[in-house]
>>> print(open('protein_17.csv').read())   # CSV, C-alpha atoms
chain,number,residue,atom,x,y,z
E,21,GLY,CA,-23.8,36.8,-13.3
E,22,ALA,CA,-20.9,36.7,-15.6
E,23,GLY,CA,-18.7,33.7,-15.4
E,24,VAL,CA,-15.0,33.3,-16.0
E,25,SER,CA,-14.0,34.6,-19.5
E,26,GLN,CA,-10.9,33.7,-21.5
E,27,SER,CA,-9.4,35.2,-24.6
E,28,PRO,CA,-8.7,34.3,-27.3
E,29,SER,CA,-10.9,31.3,-27.7
E,30,ASN,CA,-8.5,29.9,-30.3
E,31,LYS,CA,-4.9,30.7,-31.0
E,32,VAL,CA,-2.7,29.3,-33.8
E,33,THR,CA,1.0,30.2,-33.6
E,34,GLU,CA,4.3,29.1,-35.1
E,35,LYS,CA,6.9,27.2,-33.2
E,36,GLY,CA,9.2,29.5,-31.4
E,37,LYS,CA,6.8,32.4,-31.1
E,38,ASP,CA,5.5,33.8,-27.8
E,39,VAL,CA,1.9,33.7,-26.9
E,40,GLU,CA,-0.2,35.4,-24.2
E,41,LEU,CA,-3.5,34.0,-22.9
E,42,ARG,CA,-5.9,36.1,-20.9
E,43,CYS,CA,-8.3,35.2,-18.1
E,44,ASP,CA,-11.0,37.4,-16.5
E,45,PRO,CA,-12.2,35.8,-13.2
E,46,ILE,CA,-15.6,36.1,-11.7
E,47,SER,CA,-15.9,39.5,-10.0
E,48,GLY,CA,-15.0,39.3,-6.3
E,49,HIS,CA,-13.1,36.0,-6.6
E,50,THR,CA,-9.7,36.3,-4.9
E,51,ALA,CA,-8.3,33.0,-6.1
E,52,LEU,CA,-7.4,32.3,-9.8
E,53,TYR,CA,-6.1,29.1,-11.3
E,54,TRP,CA,-4.6,27.9,-14.6
E,55,TYR,CA,-4.8,24.3,-15.9
E,56,ARG,CA,-3.8,22.7,-19.1
E,57,GLN,CA,-5.8,20.0,-20.9
E,58,SER,CA,-4.1,17.8,-23.5
E,59,LEU,CA,-4.8,14.5,-25.0
E,60,GLY,CA,-1.7,12.8,-23.7
E,61,GLN,CA,-1.6,14.4,-20.2
E,62,GLY,CA,-5.2,14.9,-19.3
E,63,LEU,CA,-6.0,17.9,-17.0
E,64,GLU,CA,-2.9,19.3,-15.3
E,65,PHE,CA,-2.6,22.1,-12.7
E,66,LEU,CA,-0.2,24.9,-13.7
E,67,ILE,CA,-0.4,27.7,-11.2
E,68,TYR,CA,-2.7,29.5,-8.8
E,69,PHE,CA,-2.9,32.9,-7.3
E,70,GLN,CA,-4.6,33.8,-3.9
E,71,GLY,CA,-5.0,37.5,-3.2
E,72,ASN,CA,-1.6,39.1,-2.7
E,73,SER,CA,0.2,35.9,-1.6
E,74,ALA,CA,3.0,34.5,-3.7
E,75,PRO,CA,1.5,32.2,-6.4
E,76,ASP,CA,1.9,28.5,-6.3
E,77,LYS,CA,3.9,27.8,-9.5
E,78,SER,CA,4.6,24.2,-8.8
E,79,GLY,CA,2.7,22.9,-11.9
E,80,LEU,CA,4.5,25.1,-14.5
E,81,PRO,CA,6.2,22.6,-16.9
E,82,SER,CA,9.2,24.7,-17.8
E,83,ASP,CA,10.7,28.2,-17.4
E,84,ARG,CA,9.1,29.1,-20.7
E,85,PHE,CA,5.8,29.3,-18.9
E,86,SER,CA,4.9,32.3,-16.6
E,87,ALA,CA,1.8,34.0,-15.3
E,88,GLU,CA,0.9,37.2,-13.7
E,89,ARG,CA,-2.1,38.6,-12.1
E,90,THR,CA,-2.4,42.4,-12.1
E,91,GLY,CA,-4.5,44.3,-9.6
E,92,GLY,CA,-5.8,41.0,-8.1
E,93,SER,CA,-8.1,40.5,-11.1
E,94,VAL,CA,-7.1,39.7,-14.7
E,95,SER,CA,-4.4,37.1,-15.3
E,96,THR,CA,-2.1,36.5,-18.2
E,97,LEU,CA,-0.4,33.2,-18.9
E,98,THR,CA,2.6,33.7,-21.2
E,99,ILE,CA,4.4,30.9,-23.1
E,100,GLN,CA,7.7,31.8,-24.6
E,101,ARG,CA,9.3,30.1,-27.5
E,102,THR,CA,6.3,27.8,-28.0
E,103,GLN,CA,6.9,24.2,-28.9
E,104,GLN,CA,4.5,21.8,-30.5
E,105,GLU,CA,4.0,19.9,-27.3
E,106,ASP,CA,2.5,23.1,-25.8
E,107,SER,CA,-0.6,22.6,-28.0
E,108,ALA,CA,-3.5,22.1,-25.6
E,109,VAL,CA,-6.5,23.7,-24.2
E,110,TYR,CA,-5.6,26.2,-21.4
E,111,LEU,CA,-8.3,26.5,-18.8
E,112,CYS,CA,-8.7,29.2,-16.2
E,113,ALA,CA,-10.8,29.0,-13.1
E,114,SER,CA,-11.6,31.2,-10.1
E,115,SER,CA,-13.1,30.8,-6.7
E,116,PRO,CA,-14.1,33.2,-3.9
E,117,ARG,CA,-11.2,31.9,-1.8
E,118,VAL,CA,-8.6,29.2,-2.5
E,119,SER,CA,-10.4,26.6,-0.4
E,120,GLU,CA,-13.7,27.0,-2.2
E,121,THR,CA,-15.2,25.5,-5.4
E,122,GLN,CA,-13.4,26.4,-8.6
E,123,TYR,CA,-15.4,27.7,-11.5
E,124,PHE,CA,-13.9,27.3,-15.0
E,125,GLY,CA,-13.9,29.4,-18.1
E,126,PRO,CA,-14.4,28.0,-21.6
E,127,GLY,CA,-10.7,27.7,-22.3
E,128,THR,CA,-8.2,28.8,-24.9
E,129,ARG,CA,-7.3,26.2,-27.6
E,130,LEU,CA,-3.7,26.7,-28.5
E,131,LEU,CA,-2.2,25.1,-31.6
E,132,VAL,CA,1.5,25.3,-32.2
E,133,LEU,CA,2.5,24.6,-35.8
I,2,ALA,CA,1.1,11.1,-2.9
I,3,GLN,CA,-2.6,11.4,-3.6
I,4,SER,CA,-4.5,10.4,-6.7
I,5,VAL,CA,-7.9,9.7,-8.3
I,6,ALA,CA,-8.7,7.0,-10.7
I,7,GLN,CA,-11.6,6.7,-13.1
I,8,PRO,CA,-11.5,3.1,-14.2
I,9,GLU,CA,-13.8,3.4,-17.2
I,10,ASP,CA,-12.9,5.3,-20.3
I,11,GLN,CA,-16.5,5.2,-21.5
I,12,VAL,CA,-19.9,4.4,-20.1
I,13,ASN,CA,-22.8,3.6,-22.3
I,14,VAL,CA,-26.3,3.8,-21.0
I,15,ALA,CA,-29.8,3.9,-22.5
I,16,GLU,CA,-31.9,7.0,-21.9
I,17,GLY,CA,-34.0,6.5,-18.8
I,18,ASN,CA,-31.7,3.9,-17.2
I,19,PRO,CA,-29.5,4.6,-14.1
I,20,LEU,CA,-26.1,6.1,-14.7
I,21,THR,CA,-23.0,5.5,-12.6
I,22,VAL,CA,-19.6,6.9,-13.2
I,23,LYS,CA,-16.9,5.4,-11.0
I,24,CYS,CA,-14.2,7.2,-9.1
I,25,THR,CA,-11.7,5.9,-6.5
I,26,TYR,CA,-9.2,8.0,-4.6
I,27,SER,CA,-6.0,7.6,-2.6
I,28,VAL,CA,-5.2,10.3,-0.1
I,29,SER,CA,-3.7,10.7,3.3
I,30,GLY,CA,-6.1,12.4,5.6
I,31,ASN,CA,-9.6,13.5,4.8
I,32,PRO,CA,-10.4,13.8,1.1
I,33,TYR,CA,-12.0,16.8,-0.6
I,34,LEU,CA,-13.7,15.4,-3.7
I,35,PHE,CA,-15.3,17.0,-6.7
I,36,TRP,CA,-17.2,16.0,-9.8
I,37,TYR,CA,-17.1,18.2,-13.0
I,38,VAL,CA,-18.7,17.7,-16.4
I,39,GLN,CA,-17.3,19.0,-19.7
I,40,TYR,CA,-19.5,19.3,-22.8
I,41,PRO,CA,-17.8,19.5,-26.2
I,42,ASN,CA,-15.7,22.6,-26.7
I,43,ARG,CA,-16.7,23.9,-23.3
I,44,GLY,CA,-15.0,24.4,-20.0
I,45,LEU,CA,-15.6,22.3,-16.9
I,46,GLN,CA,-18.9,22.7,-15.1
I,47,PHE,CA,-19.1,22.0,-11.4
I,48,LEU,CA,-21.5,19.3,-10.4
I,49,LEU,CA,-21.0,18.6,-6.7
I,50,LYS,CA,-18.4,18.2,-4.0
I,51,TYR,CA,-17.8,16.3,-0.8
I,52,ILE,CA,-16.0,18.0,2.1
I,53,THR,CA,-17.5,16.5,5.2
I,54,GLY,CA,-20.9,15.4,6.5
I,55,ASP,CA,-23.4,13.2,4.8
I,56,ASN,CA,-22.0,10.5,2.5
I,57,LEU,CA,-24.7,11.2,-0.1
I,58,VAL,CA,-24.1,14.5,-1.8
I,59,LYS,CA,-26.7,16.0,-4.1
I,60,GLY,CA,-25.6,18.2,-7.0
I,61,SER,CA,-26.7,19.9,-10.2
I,62,TYR,CA,-28.9,18.5,-12.9
I,63,GLY,CA,-30.2,15.6,-10.8
I,64,PHE,CA,-26.7,14.1,-10.1
I,65,GLU,CA,-25.6,12.8,-6.8
I,66,ALA,CA,-22.5,11.1,-5.5
I,67,GLU,CA,-21.9,8.6,-2.7
I,68,PHE,CA,-18.7,8.9,-0.6
I,69,ASN,CA,-17.6,5.6,0.7
I,70,LYS,CA,-14.6,5.8,3.0
I,71,SER,CA,-14.0,2.1,3.4
I,72,GLN,CA,-14.0,1.5,-0.3
I,73,THR,CA,-12.2,4.9,-1.0
I,74,SER,CA,-14.8,5.6,-3.7
I,75,PHE,CA,-16.9,8.6,-4.8
I,76,HIS,CA,-19.1,7.3,-7.6
I,77,LEU,CA,-21.4,9.7,-9.5
I,78,LYS,CA,-24.9,8.6,-10.0
I,79,LYS,CA,-28.1,9.7,-11.7
I,80,PRO,CA,-31.3,7.7,-11.4
I,81,SER,CA,-32.5,8.3,-14.9
I,82,ALA,CA,-30.1,9.4,-17.7
I,83,LEU,CA,-30.9,11.9,-20.4
I,84,VAL,CA,-29.4,12.1,-23.9
I,85,SER,CA,-28.2,15.6,-22.9
I,86,ASP,CA,-26.1,14.0,-20.1
I,87,SER,CA,-23.7,12.7,-22.8
I,88,ALA,CA,-20.4,14.4,-21.9
I,89,LEU,CA,-17.0,13.9,-20.4
I,90,TYR,CA,-17.0,13.6,-16.6
I,91,PHE,CA,-14.1,14.3,-14.3
I,92,CYS,CA,-13.5,13.3,-10.7
I,93,ALA,CA,-11.0,15.4,-8.8
I,94,VAL,CA,-9.4,15.6,-5.4
I,95,ARG,CA,-7.9,18.7,-3.7
I,96,ASP,CA,-4.3,18.5,-3.0
I,97,ILE,CA,-3.6,18.2,0.8
I,98,GLY,CA,-0.4,20.2,0.5
I,99,SER,CA,-1.7,22.9,-1.7
I,100,TRP,CA,-5.3,23.7,-1.4
I,101,GLY,CA,-5.5,25.5,-4.7
I,102,LYS,CA,-4.5,22.5,-6.7
I,103,LEU,CA,-7.1,20.0,-8.0
I,104,GLN,CA,-5.8,16.7,-9.2
I,105,PHE,CA,-8.1,15.2,-11.8
I,106,GLY,CA,-8.9,11.7,-13.0
I,107,ALA,CA,-8.5,10.9,-16.6
I,108,GLY,CA,-12.1,11.4,-17.3
I,109,THR,CA,-15.0,9.1,-18.3
I,110,GLN,CA,-17.0,9.7,-21.5
I,111,VAL,CA,-20.7,9.1,-21.0
I,112,VAL,CA,-22.8,8.2,-24.0
I,113,VAL,CA,-26.5,8.1,-23.5
I,114,THR,CA,-28.5,6.6,-26.4
I,115,PRO,CA,-32.1,7.3,-27.1
>>> encode(input="protein_17.csv", output="structure tokens")
Amino acid sequence: GAGVSQSPSNKVTEKGKDVELRCDPISGHTALYWYRQSLGQGLEFLIYFQGNSAPDKSGLPSDRFSAERTGGSVSTLTIQRTQQEDSAVYLCASSPRVSETQYFGPGTRLLVL
Amino acid sequence: AQSVAQPEDQVNVAEGNPLTVKCTYSVSGNPYLFWYVQYPNRGLQFLLKYITGDNLVKGSYGFEAEFNKSQTSFHLKKPSALVSDSALYFCAVRDIGSWGKLQFGAGTQVVVTP
């Protein structure tokens, strides 16, 4: 079946612009996660959603980062006023429930100039 | 606080030889441990996990991992490495306080030479 998909695959933006990254989870998965992978920081948890519960936002690095999940399916990660240090690969994952194995998408490579 | 450590940045092995990628963990309570692999310009692929039960866990692509509670280790192993196993390997532990959060090690680059 179809796996987790993310779009765009690559995004180049200028410092100060806002960007939106999209994630389509595996159908039927109620939990959705965002991670960031960068050279300096490795793989970092950002946020996760489980069904209709309040998301765990504890990994968001600043208030410029936000995420939403509409209709319990697609999620959008928004970065406002991008900075060069936001350059990274943003990975999305989903699982049937929050306690189960997370399956990752291919990622969005973000470059902030 | 909990953490995982992958002490080797890179592991080099000849094709056909055994492959071991090391991981140690520090958690309070019972650990939930995972191994993922990442090929160039790809996302993470799940290999195997330990939740409870047998200490030897078998996973995808011929990989297995041994959970050792006394040594707080969860090393990934493959009896005979292939060139196609060359990739970046990550060990991860699930956060006790937040089950949705995986904490990853720094990763180990595996290079298998023909």
>>> atom_distance(input="protein_17.csv", atom1="CA of Gly48 (chain E)", atom2="CA of Leu111 (chain E)")
19.1 Å
>>> residues_around(input="protein_17.csv", residues="Val12 (chain I)", least_positions_apart="4", cutoff="9 Å", atoms="only C-alpha atoms", output="VMD selection string")
chain I and resid 20 to 22 109 to 113
>>> closest_residue(input="protein_17.csv", among="E:Asp106, E:Glu120, E:Glu88, E:Glu34", to="Ile67 (chain E)", atoms="all atoms listed in the file")
E:Glu88
>>> closest_atom_pairs(input="protein_17.csv", of="chain I", to="chain E", cutoff="6 Å", atoms="all atoms listed in the file", output="JSON lines")
{"residue": "I:Arg43", "atom": "CA", "partner": "E:Pro126", "partner_atom": "CA", "distance": 5.0}
{"residue": "I:Gly44", "atom": "CA", "partner": "E:Pro126", "partner_atom": "CA", "distance": 4.0}
{"residue": "I:Leu45", "atom": "CA", "partner": "E:Phe124", "partner_atom": "CA", "distance": 5.6}
{"residue": "I:Trp100", "atom": "CA", "partner": "E:Ser119", "partner_atom": "CA", "distance": 6.0}
{"residue": "I:Gly101", "atom": "CA", "partner": "E:Val118", "partner_atom": "CA", "distance": 5.3}
{"residue": "I:Ala107", "atom": "CA", "partner": "E:Gly62", "partner_atom": "CA", "distance": 5.8}
>>> write_last_selection(input="protein_17.csv", atoms="C-alpha atoms", output="JSON list (two decimals), in the coordinates of the input")
[["chain", "number", "residue", "atom", "x", "y", "z"],
["I", 43, "ARG", "CA", -16.70, 23.90, -23.30],
["I", 44, "GLY", "CA", -15.00, 24.40, -20.00],
["I", 45, "LEU", "CA", -15.60, 22.30, -16.90],
["I", 100, "TRP", "CA", -5.30, 23.70, -1.40],
["I", 101, "GLY", "CA", -5.50, 25.50, -4.70],
["I", 107, "ALA", "CA", -8.50, 10.90, -16.60]]
>>> residues_near_point(input="protein_17.csv", point="(-26.8, 5.2, -26.6)", cutoff="8 Å", atoms="all atoms listed in the file", output="list in words")
Asn13, Val14, Ala15, Glu16, Val84, Val112, Val113, Thr114 and Pro115 of chain I
>>> closest_residue(input="protein_17.csv", among="I:Phe75, I:Tyr40, I:Phe68, I:Phe105", to="Asp55 (chain I)", atoms="all atoms listed in the file")
I:Phe68
>>> closest_residue(input="protein_17.csv", among="I:Lys59, I:Tyr37, I:Ser71, I:Ser87", to="Gln11 (chain I)", atoms="only C-alpha atoms")
I:Ser87
>>> closest_residue(input="protein_17.csv", among="E:Ser107, E:Ser58, E:Ser82, E:Gln26", to="Pro45 (chain E)", atoms="only C-alpha atoms")
E:Gln26
>>> atom_distance(input="protein_17.csv", atom1="CA of Leu77 (chain I)", atom2="CA of Ala2 (chain I)")
23.5 Å
>>> residues_around(input="protein_17.csv", residues="region 88-99 of chain I", least_positions_apart="2", cutoff="8 Å", atoms="all atoms listed in the file", output="tab-separated table (two decimals) with C-alpha atoms, in the frame of the given file")
chain	number	residue	atom	x	y	z
I	3	GLN	CA	-2.60	11.40	-3.60
I	4	SER	CA	-4.50	10.40	-6.70
I	5	VAL	CA	-7.90	9.70	-8.30
I	6	ALA	CA	-8.70	7.00	-10.70
I	7	GLN	CA	-11.60	6.70	-13.10
I	22	VAL	CA	-19.60	6.90	-13.20
I	24	CYS	CA	-14.20	7.20	-9.10
I	26	TYR	CA	-9.20	8.00	-4.60
I	29	SER	CA	-3.70	10.70	3.30
I	30	GLY	CA	-6.10	12.40	5.60
I	32	PRO	CA	-10.40	13.80	1.10
I	33	TYR	CA	-12.00	16.80	-0.60
I	34	LEU	CA	-13.70	15.40	-3.70
I	35	PHE	CA	-15.30	17.00	-6.70
I	36	TRP	CA	-17.20	16.00	-9.80
I	37	TYR	CA	-17.10	18.20	-13.00
I	38	VAL	CA	-18.70	17.70	-16.40
I	39	GLN	CA	-17.30	19.00	-19.70
I	40	TYR	CA	-19.50	19.30	-22.80
I	41	PRO	CA	-17.80	19.50	-26.20
I	85	SER	CA	-28.20	15.60	-22.90
I	86	ASP	CA	-26.10	14.00	-20.10
I	101	GLY	CA	-5.50	25.50	-4.70
I	102	LYS	CA	-4.50	22.50	-6.70
I	103	LEU	CA	-7.10	20.00	-8.00
I	104	GLN	CA	-5.80	16.70	-9.20
I	105	PHE	CA	-8.10	15.20	-11.80
I	106	GLY	CA	-8.90	11.70	-13.00
I	107	ALA	CA	-8.50	10.90	-16.60
I	108	GLY	CA	-12.10	11.40	-17.30
I	109	THR	CA	-15.00	9.10	-18.30
I	110	GLN	CA	-17.00	9.70	-21.50
I	111	VAL	CA	-20.70	9.10	-21.00
I	112	VAL	CA	-22.80	8.20	-24.00
